[in-house]
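S.K.: Coordinates in query_38.pdb, PDB, C-alpha atoms, are listed below.
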```
MODEL        1
ATOM      1  CA  MET P   1      16.601  -4.493  -6.291
ATOM      2  CA  GLY P   2      17.481  -0.864  -6.713
ATOM      3  CA  VAL P   3      16.133   2.106  -8.576
ATOM      4  CA  GLY P   4      14.174  -0.119 -10.968
ATOM      5  CA  TRP P   5      11.081   0.019  -8.737
ATOM      6  CA  ASN P   6       9.285   2.591 -10.924
ATOM      7  CA  ARG P   7      10.858   1.466 -14.175
ATOM      8  CA  GLN P   8       8.667  -1.430 -15.256
ATOM      9  CA  GLN P   9       6.501  -0.923 -18.290
ATOM     10  CA  PRO P  10       2.876  -1.198 -17.141
ATOM     11  CA  ASN P  11       0.578  -3.831 -18.549
ATOM     12  CA  LEU P  12      -2.176  -1.619 -19.921
ATOM     13  CA  GLY P  13      -4.646  -4.438 -19.537
ATOM     14  CA  ASP P  14      -4.189  -4.292 -15.776
ATOM     15  CA  THR P  15      -5.868  -1.949 -13.339
ATOM     16  CA  ILE P  16      -3.993   1.357 -13.348
ATOM     17  CA  THR P  17      -2.961   2.479  -9.870
ATOM     18  CA  THR P  18      -2.714   6.248 -10.169
ATOM     19  CA  SER P  19      -4.985   7.292  -7.321
ATOM     20  CA  VAL P  20      -2.128   8.291  -5.012
ATOM     21  CA  VAL P  21       1.548   9.212  -5.338
ATOM     22  CA  ARG P  22       3.859   6.439  -4.149
ATOM     23  CA  TYR P  23       7.273   6.957  -2.587
ATOM     24  CA  GLY P  24       8.670   3.462  -3.033
ATOM     25  CA  PRO P  25       7.946  -0.263  -2.765
ATOM     26  CA  ASP P  26       5.980  -1.443   0.270
ATOM     27  CA  THR P  27       6.172   1.888   2.050
ATOM     28  CA  ALA P  28       4.118   4.961   2.841
ATOM     29  CA  THR P  29       2.265   6.865   0.132
ATOM     30  CA  GLU P  30       1.362  10.541  -0.143
ATOM     31  CA  ALA P  31      -1.930   9.691   1.555
ATOM     32  CA  ASP P  32       0.142   8.803   4.634
ATOM     33  CA  LEU P  33       2.858  11.468   4.509
ATOM     34  CA  ARG P  34       1.001  14.509   3.124
ATOM     35  CA  LEU P  35       4.115  16.343   1.962
ATOM     36  CA  LEU P  36       2.890  17.748  -1.347
ATOM     37  CA  GLY P  37      -0.345  19.587  -0.680
ATOM     38  CA  SER P  38      -2.788  20.278  -3.490
ATOM     39  CA  VAL P  39      -1.210  20.296  -6.947
ATOM     40  CA  ARG P  40      -4.280  21.541  -8.810
ATOM     41  CA  GLY P  41      -3.303  24.263 -11.252
ATOM     42  CA  LYS P  42       0.411  23.909 -10.449
ATOM     43  CA  ARG P  43       3.391  23.083 -12.624
ATOM     44  CA  VAL P  44       4.907  19.856 -11.323
ATOM     45  CA  LEU P  45       8.167  18.366 -12.595
ATOM     46  CA  ASP P  46       8.736  14.633 -12.056
ATOM     47  CA  LEU P  47      12.458  13.833 -12.343
ATOM     48  CA  GLY P  48      13.116  10.247 -13.397
ATOM     49  CA  CYS P  49       9.436   9.751 -14.137
ATOM     50  CA  GLY P  50      10.001   6.198 -15.367
ATOM     51  CA  ASN P  51       6.734   4.662 -16.501
ATOM     52  CA  GLY P  52       4.879   7.859 -15.598
ATOM     53  CA  GLN P  53       2.963   6.677 -12.572
ATOM     54  CA  ALA P  54       3.490   9.785 -10.416
ATOM     55  CA  ALA P  55       3.263  12.235 -13.323
ATOM     56  CA  ILE P  56      -0.043  10.714 -14.410
ATOM     57  CA  THR P  57      -1.320  10.918 -10.840
ATOM     58  CA  PHE P  58      -0.394  14.613 -10.711
ATOM     59  CA  ALA P  59      -2.150  15.228 -14.035
ATOM     60  CA  LYS P  60      -5.286  13.475 -12.780
ATOM     61  CA  GLN P  61      -5.202  15.788  -9.763
ATOM     62  CA  GLY P  62      -5.268  18.856 -12.009
ATOM     63  CA  ALA P  63      -1.571  19.684 -12.321
ATOM     64  CA  HIS P  64       0.406  20.594 -15.411
ATOM     65  CA  ALA P  65       2.605  17.504 -15.129
ATOM     66  CA  ILE P  66       6.051  17.391 -16.726
ATOM     67  CA  GLY P  67       8.073  14.186 -16.785
ATOM     68  CA  LEU P  68      11.794  13.849 -17.512
ATOM     69  CA  ASP P  69      13.555  10.524 -17.968
ATOM     70  CA  PRO P  70      16.735   9.279 -19.700
ATOM     71  CA  SER P  71      14.990   6.192 -21.128
ATOM     72  CA  PRO P  72      13.007   6.539 -24.389
ATOM     73  CA  GLU P  73      11.398   3.168 -23.659
ATOM     74  CA  MET P  74      10.090   4.387 -20.307
ATOM     75  CA  LEU P  75       8.804   7.603 -21.881
ATOM     76  CA  ASN P  76       6.971   5.605 -24.538
ATOM     77  CA  ALA P  77       5.362   3.553 -21.771
ATOM     78  CA  ALA P  78       4.437   6.742 -19.906
ATOM     79  CA  LYS P  79       2.908   8.204 -23.086
ATOM     80  CA  ARG P  80       0.783   5.096 -23.680
ATOM     81  CA  TRP P  81      -0.282   4.981 -20.052
ATOM     82  CA  SER P  82      -1.241   8.661 -19.920
ATOM     83  CA  GLU P  83      -3.302   8.269 -23.088
ATOM     84  CA  ARG P  84      -5.028   5.264 -21.551
ATOM     85  CA  GLU P  85      -5.794   7.363 -18.450
ATOM     86  CA  GLY P  86      -7.069  10.276 -20.551
ATOM     87  CA  VAL P  87      -4.639  12.879 -19.249
ATOM     88  CA  LYS P  88      -1.863  14.935 -20.783
ATOM     89  CA  VAL P  89       1.687  14.701 -19.473
ATOM     90  CA  GLU P  90       4.492  16.762 -21.000
ATOM     91  CA  LEU P  91       7.364  14.286 -21.478
ATOM     92  CA  HIS P  92      11.045  15.003 -22.099
ATOM     93  CA  ASN P  93      13.987  12.699 -22.714
ATOM     94  CA  GLY P  94      17.265  13.573 -21.021
ATOM     95  CA  ASP P  95      19.554  13.439 -18.033
ATOM     96  CA  LEU P  96      17.893  14.355 -14.723
ATOM     97  CA  ALA P  97      20.008  17.511 -14.492
ATOM     98  CA  ASP P  98      19.311  18.516 -18.108
ATOM     99  CA  LEU P  99      16.657  21.162 -17.440
ATOM    100  CA  ALA P 100      17.682  23.709 -20.066
ATOM    101  CA  PHE P 101      14.208  23.363 -21.628
ATOM    102  CA  MET P 102      12.665  24.940 -18.506
ATOM    103  CA  ARG P 103      12.696  28.620 -17.504
ATOM    104  CA  ALA P 104      14.035  29.691 -14.137
ATOM    105  CA  ASP P 105      11.458  30.146 -11.360
ATOM    106  CA  SER P 106       8.735  28.402 -13.374
ATOM    107  CA  VAL P 107       7.908  25.273 -11.359
ATOM    108  CA  ASP P 108       5.768  24.905  -8.231
ATOM    109  CA  LEU P 109       6.977  21.434  -7.229
ATOM    110  CA  VAL P 110       9.861  19.170  -8.200
ATOM    111  CA  PHE P 111       9.213  15.534  -7.326
ATOM    112  CA  SER P 112      11.221  12.355  -7.694
ATOM    113  CA  ALA P 113      10.469   8.814  -6.522
ATOM    114  CA  TRP P 114      13.456   6.477  -6.170
ATOM    115  CA  ALA P 115      15.229   7.875  -9.229
ATOM    116  CA  PHE P 116      18.025   9.752  -7.452
ATOM    117  CA  GLY P 117      19.627   6.449  -6.494
ATOM    118  CA  GLY P 118      20.771   6.326 -10.106
ATOM    119  CA  VAL P 119      22.454   9.749  -9.964
ATOM    120  CA  ALA P 120      26.193   9.965  -9.348
ATOM    121  CA  ASP P 121      26.285  13.780  -9.067
ATOM    122  CA  LEU P 122      23.354  14.756  -6.842
ATOM    123  CA  PRO P 123      24.538  18.356  -6.268
ATOM    124  CA  ARG P 124      24.241  19.001 -10.016
ATOM    125  CA  VAL P 125      20.618  17.823  -9.999
ATOM    126  CA  PHE P 126      19.859  19.907  -6.921
ATOM    127  CA  ARG P 127      21.349  23.018  -8.549
ATOM    128  CA  GLN P 128      19.111  22.634 -11.577
ATOM    129  CA  ALA P 129      16.041  21.881  -9.466
ATOM    130  CA  HIS P 130      16.767  25.046  -7.472
ATOM    131  CA  ARG P 131      17.002  27.116 -10.672
ATOM    132  CA  VAL P 132      13.603  26.062 -12.029
ATOM    133  CA  LEU P 133      11.671  26.161  -8.744
ATOM    134  CA  ARG P 134       9.816  29.251  -7.611
ATOM    135  CA  GLN P 135      11.009  30.877  -4.373
ATOM    136  CA  GLY P 136       9.912  28.813  -1.374
ATOM    137  CA  ALA P 137       8.634  25.951  -3.535
ATOM    138  CA  PRO P 138       9.509  22.384  -2.511
ATOM    139  CA  LEU P 139      11.706  19.649  -3.876
ATOM    140  CA  VAL P 140      10.226  16.389  -2.583
ATOM    141  CA  PHE P 141      11.971  13.123  -3.290
ATOM    142  CA  SER P 142      12.447   9.593  -2.101
ATOM    143  CA  ILE P 143      15.589   7.554  -2.498
ATOM    144  CA  PRO P 144      16.560   3.988  -1.609
ATOM    145  CA  HIS P 145      17.690   4.353   1.989
ATOM    146  CA  PRO P 146      21.507   4.411   2.109
ATOM    147  CA  MET P 147      21.561   2.287   5.277
ATOM    148  CA  TYR P 148      19.956  -0.556   3.331
ATOM    149  CA  ASP P 149      22.970  -0.712   1.018
ATOM    150  CA  VAL P 150      25.089  -2.385   3.714
ATOM    151  CA  ILE P 151      23.241  -5.717   3.369
ATOM    152  CA  ASP P 152      22.426  -8.207   0.620
ATOM    153  CA  ASP P 153      18.750  -8.982   0.952
ATOM    154  CA  ASN P 154      18.980 -11.653  -1.752
ATOM    155  CA  ASP P 155      20.931 -13.948   0.577
ATOM    156  CA  PRO P 156      18.327 -16.452   1.830
ATOM    157  CA  ASP P 157      20.433 -17.469   4.830
ATOM    158  CA  GLN P 158      21.863 -14.195   6.144
ATOM    159  CA  PRO P 159      19.981 -11.284   4.550
ATOM    160  CA  LEU P 160      20.843  -8.922   7.426
ATOM    161  CA  LEU P 161      24.566  -9.615   7.464
ATOM    162  CA  VAL P 162      26.546  -6.383   7.045
ATOM    163  CA  ARG P 163      28.527  -6.787   3.810
ATOM    164  CA  ARG P 164      29.876  -3.309   3.101
ATOM    165  CA  SER P 165      30.677  -0.136   4.963
ATOM    166  CA  TYR P 166      27.998   2.523   5.167
ATOM    167  CA  PHE P 167      30.766   4.996   4.284
ATOM    168  CA  ASP P 168      31.795   3.150   1.122
ATOM    169  CA  ARG P 169      30.636   5.497  -1.622
ATOM    170  CA  SER P 170      31.387   3.182  -4.530
ATOM    171  CA  PRO P 171      28.420   2.017  -6.636
ATOM    172  CA  VAL P 172      26.369  -0.733  -5.046
ATOM    173  CA  ALA P 173      26.875  -4.218  -6.501
ATOM    174  CA  ASP P 174      24.100  -6.384  -7.972
ATOM    175  CA  VAL P 175      21.935  -3.618  -9.409
ATOM    176  CA  ASN P 176      19.859  -3.151 -12.542
ATOM    177  CA  GLU P 177      21.779  -2.524 -15.730
ATOM    178  CA  GLY P 178      21.193   0.467 -17.967
ATOM    179  CA  PRO P 179      21.407   4.206 -17.348
ATOM    180  CA  PHE P 180      20.247   3.761 -13.754
ATOM    181  CA  ALA P 181      22.883   2.156 -11.532
ATOM    182  CA  ASP P 182      22.727   2.482  -7.742
ATOM    183  CA  HIS P 183      25.074   5.097  -6.345
ATOM    184  CA  HIS P 184      25.595   5.269  -2.602
ATOM    185  CA  HIS P 185      25.096   8.614  -0.859
ATOM    186  CA  THR P 186      24.987   8.829   2.934
ATOM    187  CA  VAL P 187      22.220  10.794   4.628
ATOM    188  CA  ALA P 188      24.799  13.459   5.487
ATOM    189  CA  ASP P 189      25.889  13.639   1.821
ATOM    190  CA  ILE P 190      22.299  14.273   0.760
ATOM    191  CA  PHE P 191      21.644  16.846   3.485
ATOM    192  CA  MET P 192      24.842  18.782   2.800
ATOM    193  CA  ALA P 193      24.270  18.757  -0.974
ATOM    194  CA  LEU P 194      20.850  20.302  -0.399
ATOM    195  CA  THR P 195      21.958  22.988   2.054
ATOM    196  CA  ARG P 196      24.956  23.962  -0.073
ATOM    197  CA  ASN P 197      22.585  24.511  -2.974
ATOM    198  CA  ASN P 198      20.296  26.817  -0.999
ATOM    199  CA  PHE P 199      17.602  24.374   0.042
ATOM    200  CA  ARG P 200      16.146  24.297   3.540
ATOM    201  CA  VAL P 201      15.219  20.775   4.605
ATOM    202  CA  ASP P 202      11.934  20.760   6.523
ATOM    203  CA  ALA P 203      11.088  17.052   6.420
ATOM    204  CA  LEU P 204      13.357  14.011   6.643
ATOM    205  CA  LEU P 205      11.386  10.788   6.965
ATOM    206  CA  GLU P 206      12.141   7.066   7.197
ATOM    207  CA  PRO P 207       8.721   5.416   6.682
ATOM    208  CA  GLU P 208       8.424   2.110   8.467
ATOM    209  CA  SER P 209       7.526  -0.842   6.265
ATOM    210  CA  ARG P 210       4.638  -2.820   7.675
ATOM    211  CA  ASP P 211       4.355  -6.555   7.124
ATOM    212  CA  GLY P 212       1.404  -7.352   4.886
ATOM    213  CA  ARG P 213       0.953  -3.736   3.750
ATOM    214  CA  SER P 214       1.024  -4.472   0.043
ATOM    215  CA  MET P 215       3.554  -7.280  -0.358
ATOM    216  CA  SER P 216       4.802  -6.246  -3.784
ATOM    217  CA  PRO P 217       7.255  -8.424  -5.730
ATOM    218  CA  TYR P 218       9.982  -6.283  -4.144
ATOM    219  CA  TRP P 219       9.069  -7.267  -0.583
ATOM    220  CA  ARG P 220      11.845  -8.603   1.675
ATOM    221  CA  GLU P 221      11.699  -9.509   5.356
ATOM    222  CA  ALA P 222      14.673  -7.182   5.818
ATOM    223  CA  PHE P 223      12.240  -4.259   5.280
ATOM    224  CA  LEU P 224      11.035  -4.877   8.838
ATOM    225  CA  TRP P 225      14.529  -4.416  10.259
ATOM    226  CA  LEU P 226      16.105  -1.628   8.235
ATOM    227  CA  PRO P 227      14.613   1.516   6.668
ATOM    228  CA  ARG P 228      14.077   0.882   2.968
ATOM    229  CA  THR P 229      13.159   4.358   1.762
ATOM    230  CA  LEU P 230      14.331   7.851   2.720
ATOM    231  CA  VAL P 231      11.918  10.710   1.985
ATOM    232  CA  VAL P 232      13.025  14.353   1.950
ATOM    233  CA  ARG P 233      11.249  17.667   1.493
ATOM    234  CA  ALA P 234      13.416  20.749   0.978
ATOM    235  CA  ARG P 235      12.350  24.278   0.033
ATOM    236  CA  LYS P 236      14.117  26.697  -2.266
ATOM    237  CA  GLU P 237      15.837  29.607  -0.583
ATOM    238  CA  GLY P 238      18.215  32.247  -1.933
ATOM    239  CA  ILE P 239      18.758  32.888  -5.615
TER     240      ILE P 239
ENDMDL
END
```
Let me see whether you can do it: turn the structure in this file into structure tokens.

M.R.:
Amino acid sequence: MGVGWNRQQPNLGDTITTSVVRYGPDTATEADLRLLGSVRGKRVLDLGCGNGQAAITFAKQGAHAIGLDPSPEMLNAAKRWSEREGVKVELHNGDLADLAFMRADSVDLVFSAWAFGGVADLPRVFRQAHRVLRQGAPLVFSIPHPMYDVIDDNDPDQPLLVRRSYFDRSPVADVNEGPFADHHHTVADIFMALTRNNFRVDALLEPESRDGRSMSPYWREAFLWLPRTLVVRARKEGI
């Protein structure tokens, strides 16, 4: 159970849940955290947009929404879903750091939900996000909490047993196959990568999972004991 949270193709016969931006499974939403502000009339880039849920939500809120994802299948799902919702989302296929199609200083918000767990070279992504953002504009992202990587929540008998070092930066075992494989970055790794690329972190949150909140298929009792999602807001500084 890794970065695949936002990578399921939606059943278009189901009720579409694009009323609020979500930061991860069974955790706080933008309605709780209020990190983004109004996006109406703004250019918003969703990195690792997956099935398009956040990008579609931004478009419904009046933004010029741009989604980037390495999976053509996910982009096809996002295209179908956006058409079903009656909004336009500009979709691009490519690596999350492949932002050559965007001008410098042209974006008001860069957002990513749980996709950076699949990125081996986070500093490279941060450099490109910094290039395309306007001065002072935010990069807001969530990532599977690195502390959670030390356990195996699929073990029915000892799901909270520590199985690997927090400082082991090798890829995490038992993850989804495909272009997104879980890479382990400590909180300090993430913070230093941001500051070294001229971002100022102004929010670092560990939303508490609440039993019975939504109980998605991803729910584990371990969510009540360890932080499952890390949420960061950092603003562009420098040039």

S.K.: Rounded to one decimal in Å, what is the spacing between CA of Ser19 (chain P) and CA of Leu45 (chain P)?

M.R.: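 It comes out at 18.0 Å.
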
S.K.: So what does the PyMOL selection byres ((chain P and resi 82) around 12) actually pick up in this one, as a PyMOL selection string?

M.R.: chain P and resi 10+12+16-18+51-60+65-67+75-81+83-91

S.K.: Measure the distance from CA of Val119 (chain P) to CA of Phe141 (chain P) in Å and round it to one decimal.

M.R.: 12.9 Å

S.K.: Starting from the displayed file, determine the output of the PyMOL selection byres ((chain P and resi 95) around 9) and express the residue list as a ChimeraX atom specification.

M.R.: /P:48,68-70,93-94,96-99

S.K.: Could you name the residues that touch Val132 (chain P) at 6 Å or less, counting all atoms listed in the file, but leaving out those on the same chain fewer than 3 positions away, as a list of chain:residue names?

M.R.: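 Once the nearby chain positions are removed, what remains is P:Ala104, P:Asp105, P:Ser106, P:Val107, P:Ala129.
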
S.K.: If the PyMOL selection byres ((chain P and resi 204) around 10) were run on this exact file, what residues would it hold? Put them as a PDB file with C-alpha atoms, in the frame of the given file.

M.R.:
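Listing of selection.pdb after writing:
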```pdb
ATOM      1  CA  SER P 142      12.447   9.593  -2.101  1.00  0.00           C
ATOM      2  CA  VAL P 187      22.220  10.794   4.628  1.00  0.00           C
ATOM      3  CA  PHE P 191      21.644  16.846   3.485  1.00  0.00           C
ATOM      4  CA  VAL P 201      15.219  20.775   4.605  1.00  0.00           C
ATOM      5  CA  ASP P 202      11.934  20.760   6.523  1.00  0.00           C
ATOM      6  CA  ALA P 203      11.088  17.052   6.420  1.00  0.00           C
ATOM      7  CA  LEU P 205      11.386  10.788   6.965  1.00  0.00           C
ATOM      8  CA  GLU P 206      12.141   7.066   7.197  1.00  0.00           C
ATOM      9  CA  PRO P 207       8.721   5.416   6.682  1.00  0.00           C
ATOM     10  CA  LEU P 230      14.331   7.851   2.720  1.00  0.00           C
ATOM     11  CA  VAL P 231      11.918  10.710   1.985  1.00  0.00           C
ATOM     12  CA  VAL P 232      13.025  14.353   1.950  1.00  0.00           C
ATOM     13  CA  ARG P 233      11.249  17.667   1.493  1.00  0.00           C
ATOM     14  CA  ALA P 234      13.416  20.749   0.978  1.00  0.00           C
TER      15      ALA P 234
END
```
